[in-house]
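Asks: Contents of my_file_15.cif (mmCIF, C-alpha atoms) are given next:
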data_query
#
loop_
_atom_site.label_atom_id
_atom_site.label_comp_id
_atom_site.auth_asym_id
_atom_site.auth_seq_id
_atom_site.Cartn_x
_atom_site.Cartn_y
_atom_site.Cartn_z
CA MET C 30 2.30 -18.38 41.88
CA LYS C 31 -0.53 -19.82 39.80
CA LYS C 32 -2.07 -16.35 39.34
CA LYS C 33 1.17 -15.00 37.86
CA THR C 34 1.51 -17.99 35.53
CA LEU C 35 -2.09 -17.52 34.36
CA LYS C 36 -1.47 -13.81 33.68
CA ASN C 37 1.70 -14.63 31.73
CA SER C 38 -0.12 -17.28 29.72
CA ILE C 39 -2.94 -14.91 28.83
CA PHE C 40 -0.45 -12.20 27.87
CA LEU C 41 1.50 -14.60 25.64
CA LEU C 42 -1.73 -15.79 24.01
CA LEU C 43 -2.76 -12.19 23.25
CA VAL C 44 0.66 -11.37 21.79
CA ALA C 45 0.61 -14.52 19.64
CA SER C 46 -2.88 -13.78 18.34
CA LEU C 47 -1.83 -10.21 17.53
CA PHE C 48 1.03 -11.44 15.36
CA THR C 49 -1.05 -14.05 13.55
CA SER C 50 -4.00 -11.72 12.93
CA CYS C 51 -1.83 -8.99 11.39
CA ASP C 52 -1.07 -11.07 8.32
CA LYS C 53 -4.49 -11.33 6.69
CA THR C 54 -3.13 -11.54 3.15
CA GLN C 55 -1.30 -14.83 3.69
CA VAL C 56 -2.61 -17.79 1.68
CA PHE C 57 0.54 -19.95 1.95
CA ASP C 58 3.85 -19.28 3.69
CA GLU C 59 6.52 -21.90 4.32
CA TYR C 60 10.29 -21.84 4.86
CA LYS C 61 13.04 -24.40 4.39
CA THR C 62 16.17 -24.12 6.54
CA ILE C 63 19.54 -24.40 4.83
CA GLU C 64 22.35 -25.96 6.82
CA ASN C 65 26.02 -25.34 5.92
CA GLY C 66 25.42 -23.59 2.59
CA TRP C 67 22.96 -24.11 -0.24
CA GLN C 68 24.33 -26.91 -2.41
CA LYS C 69 24.03 -26.49 -6.18
CA ASP C 70 22.10 -29.76 -6.51
CA SER C 71 19.81 -29.11 -3.54
CA ILE C 72 16.26 -28.41 -4.73
CA LEU C 73 13.87 -26.93 -2.19
CA LYS C 74 10.31 -28.15 -2.68
CA PHE C 75 7.04 -26.59 -1.59
CA SER C 76 3.64 -28.20 -2.09
CA PHE C 77 0.18 -26.72 -1.50
CA ASP C 78 -3.44 -27.29 -2.46
CA HIS C 79 -5.30 -24.47 -4.16
CA GLU C 80 -8.73 -23.79 -5.60
CA VAL C 81 -9.32 -22.16 -8.99
CA SER C 82 -8.63 -18.45 -8.52
CA LYS C 83 -11.51 -16.05 -8.21
CA GLN C 84 -9.09 -13.20 -7.51
CA PRO C 85 -5.47 -12.75 -8.57
CA GLU C 86 -2.73 -13.52 -6.05
CA ASN C 87 0.92 -12.58 -5.71
CA MET C 88 3.68 -15.13 -5.20
CA PHE C 89 7.02 -14.42 -3.56
CA ILE C 90 10.31 -16.13 -2.85
CA ASN C 91 11.68 -15.12 0.53
CA ILE C 92 15.41 -15.36 1.13
CA ARG C 93 17.03 -15.01 4.54
CA ASN C 94 20.76 -14.45 4.31
CA ASN C 95 23.59 -13.23 6.51
CA ASN C 96 26.90 -11.41 6.03
CA ASP C 97 28.54 -14.62 4.78
CA TYR C 98 26.65 -14.20 1.48
CA PRO C 99 29.48 -13.33 -0.96
CA PHE C 100 27.56 -12.02 -3.99
CA SER C 101 25.57 -8.90 -4.88
CA ASN C 102 22.85 -10.90 -6.66
CA ILE C 103 21.33 -14.35 -6.76
CA TYR C 104 20.14 -16.53 -9.63
CA LEU C 105 17.33 -19.01 -9.05
CA ILE C 106 15.67 -21.67 -11.18
CA VAL C 107 12.03 -21.90 -10.14
CA LYS C 108 9.67 -24.60 -11.38
CA LEU C 109 5.90 -24.33 -10.91
CA GLU C 110 4.04 -27.59 -11.51
CA GLN C 111 0.26 -27.43 -11.84
CA PRO C 112 -2.13 -30.26 -10.84
CA LYS C 113 -2.61 -31.63 -14.37
CA GLY C 114 1.13 -31.68 -15.07
CA ARG C 115 1.68 -28.35 -16.83
CA ILE C 116 5.14 -27.08 -15.85
CA LYS C 117 6.55 -23.57 -16.04
CA ILE C 118 10.28 -23.02 -15.41
CA ASP C 119 11.82 -19.59 -14.87
CA THR C 120 15.43 -18.52 -14.41
CA LEU C 121 15.35 -15.44 -12.21
CA GLU C 122 17.93 -12.89 -11.04
CA TYR C 123 17.51 -10.74 -7.94
CA GLN C 124 19.70 -8.01 -6.49
CA MET C 125 20.84 -8.91 -2.95
CA ALA C 126 23.27 -6.10 -2.04
CA ASN C 127 23.53 -2.35 -2.42
CA PRO C 128 26.39 -0.80 -4.46
CA ASP C 129 28.37 -0.29 -1.22
CA GLY C 130 28.17 -4.05 -0.52
CA SER C 131 25.64 -3.85 2.33
CA LEU C 132 22.90 -6.45 2.21
CA MET C 133 19.47 -5.47 1.02
CA GLY C 134 16.36 -6.70 2.79
CA GLU C 135 14.63 -6.22 6.11
CA GLY C 136 16.16 -6.97 9.48
CA PHE C 137 18.02 -5.40 12.37
CA SER C 138 20.77 -7.97 12.80
CA ASP C 139 23.20 -9.45 10.31
CA ILE C 140 20.34 -11.63 8.99
CA LYS C 141 18.31 -9.92 6.28
CA GLU C 142 15.10 -11.11 4.68
CA SER C 143 14.39 -10.26 1.06
CA LYS C 144 10.86 -10.64 -0.27
CA LEU C 145 11.35 -11.27 -3.98
CA TRP C 146 8.57 -11.12 -6.59
CA TYR C 147 7.92 -14.41 -8.35
CA LYS C 148 4.48 -14.03 -9.98
CA GLU C 149 2.30 -10.93 -9.81
CA HIS C 150 -1.51 -11.09 -10.17
CA PHE C 151 -1.40 -14.84 -10.79
CA MET C 152 -4.65 -16.68 -11.40
CA PHE C 153 -4.56 -20.36 -10.42
CA PRO C 154 -6.20 -22.08 -13.41
CA GLU C 155 -7.17 -25.38 -11.80
CA LYS C 156 -8.00 -26.96 -8.46
CA GLY C 157 -5.51 -29.34 -6.92
CA ASN C 158 -1.97 -29.74 -5.67
CA TYR C 159 0.67 -27.31 -6.91
CA LYS C 160 4.39 -27.86 -6.48
CA VAL C 161 7.12 -25.23 -6.50
CA SER C 162 10.82 -26.17 -6.69
CA ILE C 163 13.62 -23.65 -6.13
CA GLN C 164 17.28 -24.24 -6.95
CA GLN C 165 20.18 -21.80 -6.75
CA ALA C 166 22.04 -21.20 -10.01
CA VAL C 167 24.76 -18.74 -8.96
CA ARG C 168 27.94 -18.57 -11.02
CA GLN C 169 31.10 -16.58 -10.54
CA ASN C 170 31.98 -14.06 -13.26
CA GLY C 171 33.80 -15.71 -16.14
CA LYS C 172 33.13 -19.26 -14.97
CA VAL C 173 30.73 -21.71 -16.57
CA LYS C 174 30.45 -24.11 -13.65
CA GLY C 175 27.98 -23.04 -10.97
CA VAL C 176 28.88 -22.36 -7.36
CA GLU C 177 28.85 -25.76 -5.63
CA LYS C 178 28.00 -24.40 -2.17
CA LEU C 179 26.37 -21.00 -1.73
CA ASP C 180 27.26 -19.66 1.72
CA GLY C 181 25.21 -17.14 3.67
CA ILE C 182 21.70 -18.33 2.78
CA THR C 183 20.00 -19.49 5.98
CA GLU C 184 16.40 -20.03 4.83
CA VAL C 185 14.34 -19.96 1.65
CA GLY C 186 10.60 -19.49 1.73
CA PHE C 187 7.68 -19.47 -0.65
CA ARG C 188 4.66 -17.24 -0.02
CA ILE C 189 1.30 -16.57 -1.65
CA GLU C 190 -0.68 -13.45 -0.79
CA SER C 191 -4.27 -12.71 -1.64
CA LEU C 192 -4.92 -9.35 -3.24
CA ALA C 193 -8.58 -9.51 -2.22
CA LEU C 194 -7.66 -9.73 1.48
CA GLN C 195 -5.37 -6.66 1.37
CA LYS C 196 -8.30 -4.28 1.54
#
Show this structure as structure tokens.
Replies:
Amino acid sequence: MKKKTLKNSIFLLLVASLFTSCDKTQVFDEYKTIENGWQKDSILKFSFDHEVSKQPENMFINIRNNNDYPFSNIYLIVKLEQPKGRIKIDTLEYQMANPDGSLMGEGFSDIKESKLWYKEHFMFPEKGNYKVSIQQAVRQNGKVKGVEKLDGITEVGFRIESLALQK
């Protein structure tokens, strides 16, 4: 019995190392789980330390959603705070569904993951702790007030990829 357990453990270790070694471009990748809908006032926060850039990097917002997502697009307010206090705020719109209503993104089940561009070829100007905050800002057509609870979003992630490591 111990021999079989050892073989299984070695196999699982090899599979795990295969999955972690395939993603050589990853500099930072973190997800926040959303329970019972993304509230309008809920701000998702990511924090990471970074050196001054020697090479440009790409930043992404990753959204995992399911068939309960009722809209064809999503609006996000994204705030990037640099170590010395400089703040950049962007209001972004991304397409989330095809014209036929089917969800865009990768995935075989009803959960799809969309990798959305945030900053392309970004050079981090200073060493220190960076903070990224993401808030949903979806509104229904013709209404000023935002959607209080955005259903169908299961997780939101923030990712940084190195361009130098892609080669």
Asks: Report, in Å with one decimal, the straight-line distance from atom CA of C:Gln124 to atom CA of C:Gln164.
Replies: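 Distance reported for this atom pair: 16.4 Å.
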Asks: Apply the PyMOL selection byres ((chain C and resi 95) around 6) to the file shown and report the selected residues as a CSV table (one decimal) with C-alpha atoms, in the coordinates of the input.
Replies:
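Saved the output as result-v6.csv:
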chain,number,residue,atom,x,y,z
C,94,ASN,CA,20.8,-14.4,4.3
C,96,ASN,CA,26.9,-11.4,6.0
C,97,ASP,CA,28.5,-14.6,4.8
C,98,TYR,CA,26.6,-14.2,1.5
C,139,ASP,CA,23.2,-9.4,10.3
C,140,ILE,CA,20.3,-11.6,9.0
C,181,GLY,CA,25.2,-17.1,3.7
Asks: Residues near stretch 173-180 of chain C, anyone? I mean within 6 Å using only C-alpha atoms, not counting same-chain ones fewer than 4 positions away, as a PDB file with C-alpha atoms, in the frame of the given file.
Replies:
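Produced file around.pdb, reproduced below:
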ATOM      1  CA  GLY C  66      25.420 -23.590   2.590  1.00  0.00           C
ATOM      2  CA  TRP C  67      22.960 -24.110  -0.240  1.00  0.00           C
ATOM      3  CA  GLN C  68      24.330 -26.910  -2.410  1.00  0.00           C
ATOM      4  CA  LYS C  69      24.030 -26.490  -6.180  1.00  0.00           C
ATOM      5  CA  TYR C  98      26.650 -14.200   1.480  1.00  0.00           C
ATOM      6  CA  VAL C 167      24.760 -18.740  -8.960  1.00  0.00           C
ATOM      7  CA  ARG C 168      27.940 -18.570 -11.020  1.00  0.00           C
TER       8      ARG C 168
END
Asks: Using all atoms listed in the file, which residue out of C:Leu145, C:Ile116, C:Leu105, C:Val56 lies closest to C:Ala193?
Replies: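 Using all atoms listed in the file, the shortest distance to C:Ala193 belongs to C:Val56.
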Asks: Could you give me, as an NGL selection string, the residues within 9 Å of C:Ser82, counting all atoms listed in the file and dropping anything in the same chain fewer than 4 positions from it?
Replies: :C and (86 or 151-156)
Asks: In Å, rounded to a single decimal, give me how far atom CA of C:Val107 is from atom CA of C:Tyr123.
Replies: 12.6 Å
Asks: Would you please work out which residue, of C:Ile90, C:Ile106, C:Ile189, C:Ser131, is nearest to C:Tyr147 when using all atoms listed in the file?
Replies: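 When distances to C:Tyr147 are compared using all atoms listed in the file, the smallest one comes from C:Ile90.
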Asks: If you measure from atom CA of C:Ala126 to atom CA of C:Phe75, what distance in Å do you get, rounded to one decimal?
Replies: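 Between atom CA of C:Ala126 and atom CA of C:Phe75 the gap works out to 26.1 Å.
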